[in-house]
Amino acid sequence: QVQLVESGGGLVQPGGSLRLSCAASGFTFSNYGASWYRQAPGKERELVANINTGGFTNYADSMKGRITISRDNAKNTVYLQMNSLKPEDTAVYSCKATHKWTETEYWGQGTQVTVSS
């Protein structure tokens with residue numbers, strides 16, 4: 001059974017940090033690029049960061065400099081380290097895996113991140 005399960009979200013004060021994890025199972029994770037998206041209430045879902053199978057990364061301008069995406073293929077997991085969080089970073093963060101050739105996609109259910117004092 002294919003699954004992507006996010007964890008690590010929660011409530012954090014402005015300026016704080018969180019590390020999100022997305023654990024994959026049921027498919028060969030190393031053949032998939034991985035992405036983090038977020039969706040705030042009343043807003044469109046937006047790409048936050050992605051990392052391809054070779055480890056190359058790309059970041060959205062809105063969070064560049066404050067986030068790091070990484071992957072551990074041995075653990076079938078992709079991470080998103082987020083620092084200097086702002087209230088406007090409040091959103092549901094979801095991960096997606098995309099096959100490097102077929103573009104088959106799998107999505108996780110998301111984890112809530114709330115930045116508030």
# chains A, B, ... in the order shown; residues from 1 in each chain; ligands from 1
>>> residues_around(residues="segment 55-59 of chain A", least_positions_apart="2", cutoff="12 Å", atoms="only C-alpha atoms", output="ChimeraX atom specification")
/A:30-37,46-53,61-73,78,80,82
>>> write_last_selection(atoms="N, CA, C and O atoms", output="compact mmCIF listing (two decimals), in the first residue's frame")
# COMPACT_ATOMS: atom_id res chain seq x y z
N SER A 30 13.47 6.06 -3.84
CA SER A 30 14.67 6.62 -4.48
C SER A 30 14.44 6.96 -5.95
O SER A 30 15.23 7.72 -6.54
N ASN A 31 13.41 6.44 -6.56
CA ASN A 31 13.08 6.75 -7.96
C ASN A 31 12.15 7.95 -8.10
O ASN A 31 11.71 8.26 -9.22
N TYR A 32 11.87 8.59 -7.01
CA TYR A 32 10.90 9.69 -7.00
C TYR A 32 11.53 10.98 -6.51
O TYR A 32 12.26 10.99 -5.51
N GLY A 33 11.22 12.06 -7.23
CA GLY A 33 11.49 13.37 -6.67
C GLY A 33 10.49 13.63 -5.57
O GLY A 33 9.41 13.03 -5.52
N ALA A 34 10.85 14.54 -4.67
CA ALA A 34 9.97 14.83 -3.54
C ALA A 34 9.79 16.33 -3.40
O ALA A 34 10.73 17.10 -3.63
N SER A 35 8.59 16.72 -3.03
CA SER A 35 8.26 18.13 -2.90
C SER A 35 7.47 18.38 -1.63
O SER A 35 6.76 17.49 -1.16
N TRP A 36 7.61 19.60 -1.12
CA TRP A 36 6.75 20.07 -0.05
C TRP A 36 5.90 21.21 -0.60
O TRP A 36 6.42 22.12 -1.26
N TYR A 37 4.63 21.16 -0.31
CA TYR A 37 3.68 22.21 -0.66
C TYR A 37 3.03 22.71 0.63
O TYR A 37 3.04 22.02 1.65
N GLU A 46 0.71 26.18 -2.70
CA GLU A 46 1.94 26.65 -3.34
C GLU A 46 3.10 25.70 -3.05
O GLU A 46 3.18 25.10 -1.98
N LEU A 47 3.98 25.62 -4.03
CA LEU A 47 5.19 24.82 -3.87
C LEU A 47 6.15 25.53 -2.93
O LEU A 47 6.40 26.72 -3.09
N VAL A 48 6.66 24.79 -1.96
CA VAL A 48 7.62 25.35 -1.01
C VAL A 48 9.04 24.98 -1.40
O VAL A 48 9.94 25.83 -1.42
N ALA A 49 9.26 23.70 -1.71
CA ALA A 49 10.59 23.23 -2.05
C ALA A 49 10.48 21.87 -2.71
O ALA A 49 9.52 21.13 -2.49
N ASN A 50 11.48 21.54 -3.52
CA ASN A 50 11.55 20.19 -4.05
C ASN A 50 12.99 19.73 -4.13
O ASN A 50 13.93 20.54 -4.12
N ILE A 51 13.13 18.43 -4.20
CA ILE A 51 14.44 17.80 -4.30
C ILE A 51 14.29 16.63 -5.26
O ILE A 51 13.39 15.81 -5.12
N ASN A 52 15.19 16.56 -6.24
CA ASN A 52 15.06 15.49 -7.21
C ASN A 52 15.83 14.25 -6.75
O ASN A 52 16.41 14.21 -5.66
N THR A 53 15.82 13.24 -7.59
CA THR A 53 16.45 11.98 -7.19
C THR A 53 17.96 12.12 -7.05
O THR A 53 18.60 11.33 -6.36
N ASP A 61 10.59 31.45 -3.45
CA ASP A 61 11.15 32.72 -2.98
C ASP A 61 10.60 33.12 -1.61
O ASP A 61 11.31 33.73 -0.81
N SER A 62 9.36 32.74 -1.34
CA SER A 62 8.72 33.16 -0.09
C SER A 62 9.41 32.59 1.14
O SER A 62 9.29 33.15 2.23
N MET A 63 10.11 31.48 0.98
CA MET A 63 10.75 30.85 2.15
C MET A 63 12.25 30.64 1.97
O MET A 63 12.91 30.12 2.87
N LYS A 64 12.77 31.04 0.81
CA LYS A 64 14.17 30.81 0.53
C LYS A 64 15.05 31.46 1.60
O LYS A 64 14.79 32.59 2.03
N GLY A 65 16.06 30.73 2.03
CA GLY A 65 16.95 31.23 3.06
C GLY A 65 16.53 30.82 4.45
O GLY A 65 17.31 30.93 5.41
N ARG A 66 15.28 30.36 4.57
CA ARG A 66 14.78 29.95 5.88
C ARG A 66 14.48 28.44 5.94
O ARG A 66 14.18 27.93 7.02
N ILE A 67 14.55 27.77 4.82
CA ILE A 67 14.18 26.36 4.78
C ILE A 67 15.26 25.54 4.09
O ILE A 67 16.01 26.05 3.25
N THR A 68 15.30 24.27 4.44
CA THR A 68 16.19 23.32 3.79
C THR A 68 15.43 22.02 3.58
O THR A 68 14.87 21.47 4.55
N ILE A 69 15.40 21.56 2.35
CA ILE A 69 14.80 20.26 2.06
C ILE A 69 15.93 19.25 1.92
O ILE A 69 16.99 19.55 1.37
N SER A 70 15.69 18.06 2.42
CA SER A 70 16.69 17.00 2.32
C SER A 70 15.97 15.66 2.25
O SER A 70 14.77 15.57 2.54
N ARG A 71 16.70 14.65 1.87
CA ARG A 71 16.11 13.32 1.79
C ARG A 71 17.09 12.27 2.28
O ARG A 71 18.30 12.45 2.15
N ASP A 72 16.54 11.20 2.80
CA ASP A 72 17.32 10.05 3.24
C ASP A 72 16.67 8.84 2.59
O ASP A 72 15.66 8.33 3.08
N ASN A 73 17.24 8.39 1.51
CA ASN A 73 16.64 7.27 0.77
C ASN A 73 16.68 5.97 1.57
O ASN A 73 15.83 5.10 1.39
N VAL A 78 11.69 12.26 3.37
CA VAL A 78 12.09 13.59 2.97
C VAL A 78 11.79 14.53 4.14
O VAL A 78 10.78 14.36 4.83
N LEU A 80 11.82 18.68 5.79
CA LEU A 80 11.80 20.11 5.55
C LEU A 80 12.14 20.80 6.86
O LEU A 80 11.34 20.80 7.78
N MET A 82 12.57 24.12 8.78
CA MET A 82 12.06 25.48 8.66
C MET A 82 12.52 26.31 9.85
O MET A 82 12.28 25.92 11.00
>>> residues_around(residues="Ser117 of chain A", least_positions_apart="3", cutoff="8 Å", atoms="only C-alpha atoms", output="PyMOL selection string")
chain A and resi 12-14
>>> residues_around(residues="Gly15 of chain A", least_positions_apart="5", cutoff="8 Å", atoms="only C-alpha atoms", output="list in words")
Asn83, Ser84, Leu85 and Lys86 of chain A
>>> closest_residue(among="A:Thr28, A:Gln1, A:Ser7, A:Ser21", to="His99 of chain A", atoms="only C-alpha atoms")
A:Thr28
>>> closest_residue(among="A:Pro87, A:Val113, A:Pro41, A:Tyr106", to="Arg19 of chain A", atoms="only C-alpha atoms")
A:Val113
>>> select_by_dssp(residues="segment 58-94 of chain A", states="strand (DSSP E)", output="PyMOL selection string")
chain A and resi 58-59+67-72+77-82+91-94
>>> decode(residues="segment 11-38 of chain A", atoms="N, CA and C atoms", output="short mmCIF file (atom, residue, chain, number, x, y, z; two decimals), in the first residue's frame")
data_model
loop_
_atom_site.label_atom_id
_atom_site.label_comp_id
_atom_site.auth_asym_id
_atom_site.auth_seq_id
_atom_site.Cartn_x
_atom_site.Cartn_y
_atom_site.Cartn_z
N LEU A 11 2.38 23.85 16.78
CA LEU A 11 2.33 25.27 17.11
C LEU A 11 3.73 25.74 17.51
N VAL A 12 4.16 26.82 16.90
CA VAL A 12 5.49 27.37 17.19
C VAL A 12 5.38 28.88 17.24
N GLN A 13 6.19 29.50 18.06
CA GLN A 13 6.19 30.96 18.15
C GLN A 13 6.94 31.57 16.98
N PRO A 14 6.61 32.79 16.63
CA PRO A 14 7.37 33.46 15.57
C PRO A 14 8.86 33.46 15.88
N GLY A 15 9.63 33.18 14.84
CA GLY A 15 11.07 33.06 15.00
C GLY A 15 11.54 31.66 15.33
N GLY A 16 10.59 30.79 15.60
CA GLY A 16 10.93 29.42 15.95
C GLY A 16 11.22 28.54 14.75
N SER A 17 11.49 27.27 15.04
CA SER A 17 11.86 26.30 14.01
C SER A 17 11.02 25.04 14.14
N LEU A 18 10.84 24.39 13.02
CA LEU A 18 10.21 23.08 12.97
C LEU A 18 10.91 22.24 11.92
N ARG A 19 10.90 20.95 12.14
CA ARG A 19 11.41 20.02 11.13
C ARG A 19 10.29 19.06 10.78
N LEU A 20 9.84 19.15 9.53
CA LEU A 20 8.81 18.25 9.05
C LEU A 20 9.45 17.02 8.43
N SER A 21 8.77 15.90 8.58
CA SER A 21 9.22 14.66 7.97
C SER A 21 8.09 14.08 7.14
N CYS A 22 8.45 13.38 6.10
CA CYS A 22 7.47 12.69 5.26
C CYS A 22 8.03 11.31 4.96
N ALA A 23 7.39 10.32 5.53
CA ALA A 23 7.85 8.94 5.39
C ALA A 23 7.07 8.22 4.30
N ALA A 24 7.80 7.65 3.37
CA ALA A 24 7.19 6.96 2.23
C ALA A 24 7.23 5.45 2.43
N SER A 25 6.22 4.78 1.92
CA SER A 25 6.19 3.33 1.94
C SER A 25 5.33 2.82 0.79
N GLY A 26 5.61 1.60 0.37
CA GLY A 26 4.83 0.98 -0.69
C GLY A 26 5.31 1.26 -2.09
N PHE A 27 6.41 1.99 -2.24
CA PHE A 27 6.99 2.24 -3.56
C PHE A 27 8.48 2.53 -3.38
N THR A 28 9.20 2.54 -4.50
CA THR A 28 10.65 2.73 -4.46
C THR A 28 10.95 4.22 -4.39
N PHE A 29 11.08 4.71 -3.19
CA PHE A 29 11.21 6.16 -2.95
C PHE A 29 12.38 6.78 -3.70
N SER A 30 13.47 6.06 -3.84
CA SER A 30 14.67 6.62 -4.48
C SER A 30 14.44 6.96 -5.95
N ASN A 31 13.41 6.44 -6.56
CA ASN A 31 13.08 6.75 -7.96
C ASN A 31 12.15 7.95 -8.10
N TYR A 32 11.87 8.59 -7.01
CA TYR A 32 10.90 9.69 -7.00
C TYR A 32 11.53 10.98 -6.51
N GLY A 33 11.22 12.06 -7.23
CA GLY A 33 11.49 13.37 -6.67
C GLY A 33 10.49 13.63 -5.57
N ALA A 34 10.85 14.54 -4.67
CA ALA A 34 9.97 14.83 -3.54
C ALA A 34 9.79 16.33 -3.40
N SER A 35 8.59 16.72 -3.03
CA SER A 35 8.26 18.13 -2.90
C SER A 35 7.47 18.38 -1.63
N TRP A 36 7.61 19.60 -1.12
CA TRP A 36 6.75 20.07 -0.05
C TRP A 36 5.90 21.21 -0.60
N TYR A 37 4.63 21.16 -0.31
CA TYR A 37 3.68 22.21 -0.66
C TYR A 37 3.03 22.71 0.63
N ARG A 38 2.44 23.88 0.54
CA ARG A 38 1.66 24.36 1.67
C ARG A 38 0.40 25.05 1.16
#
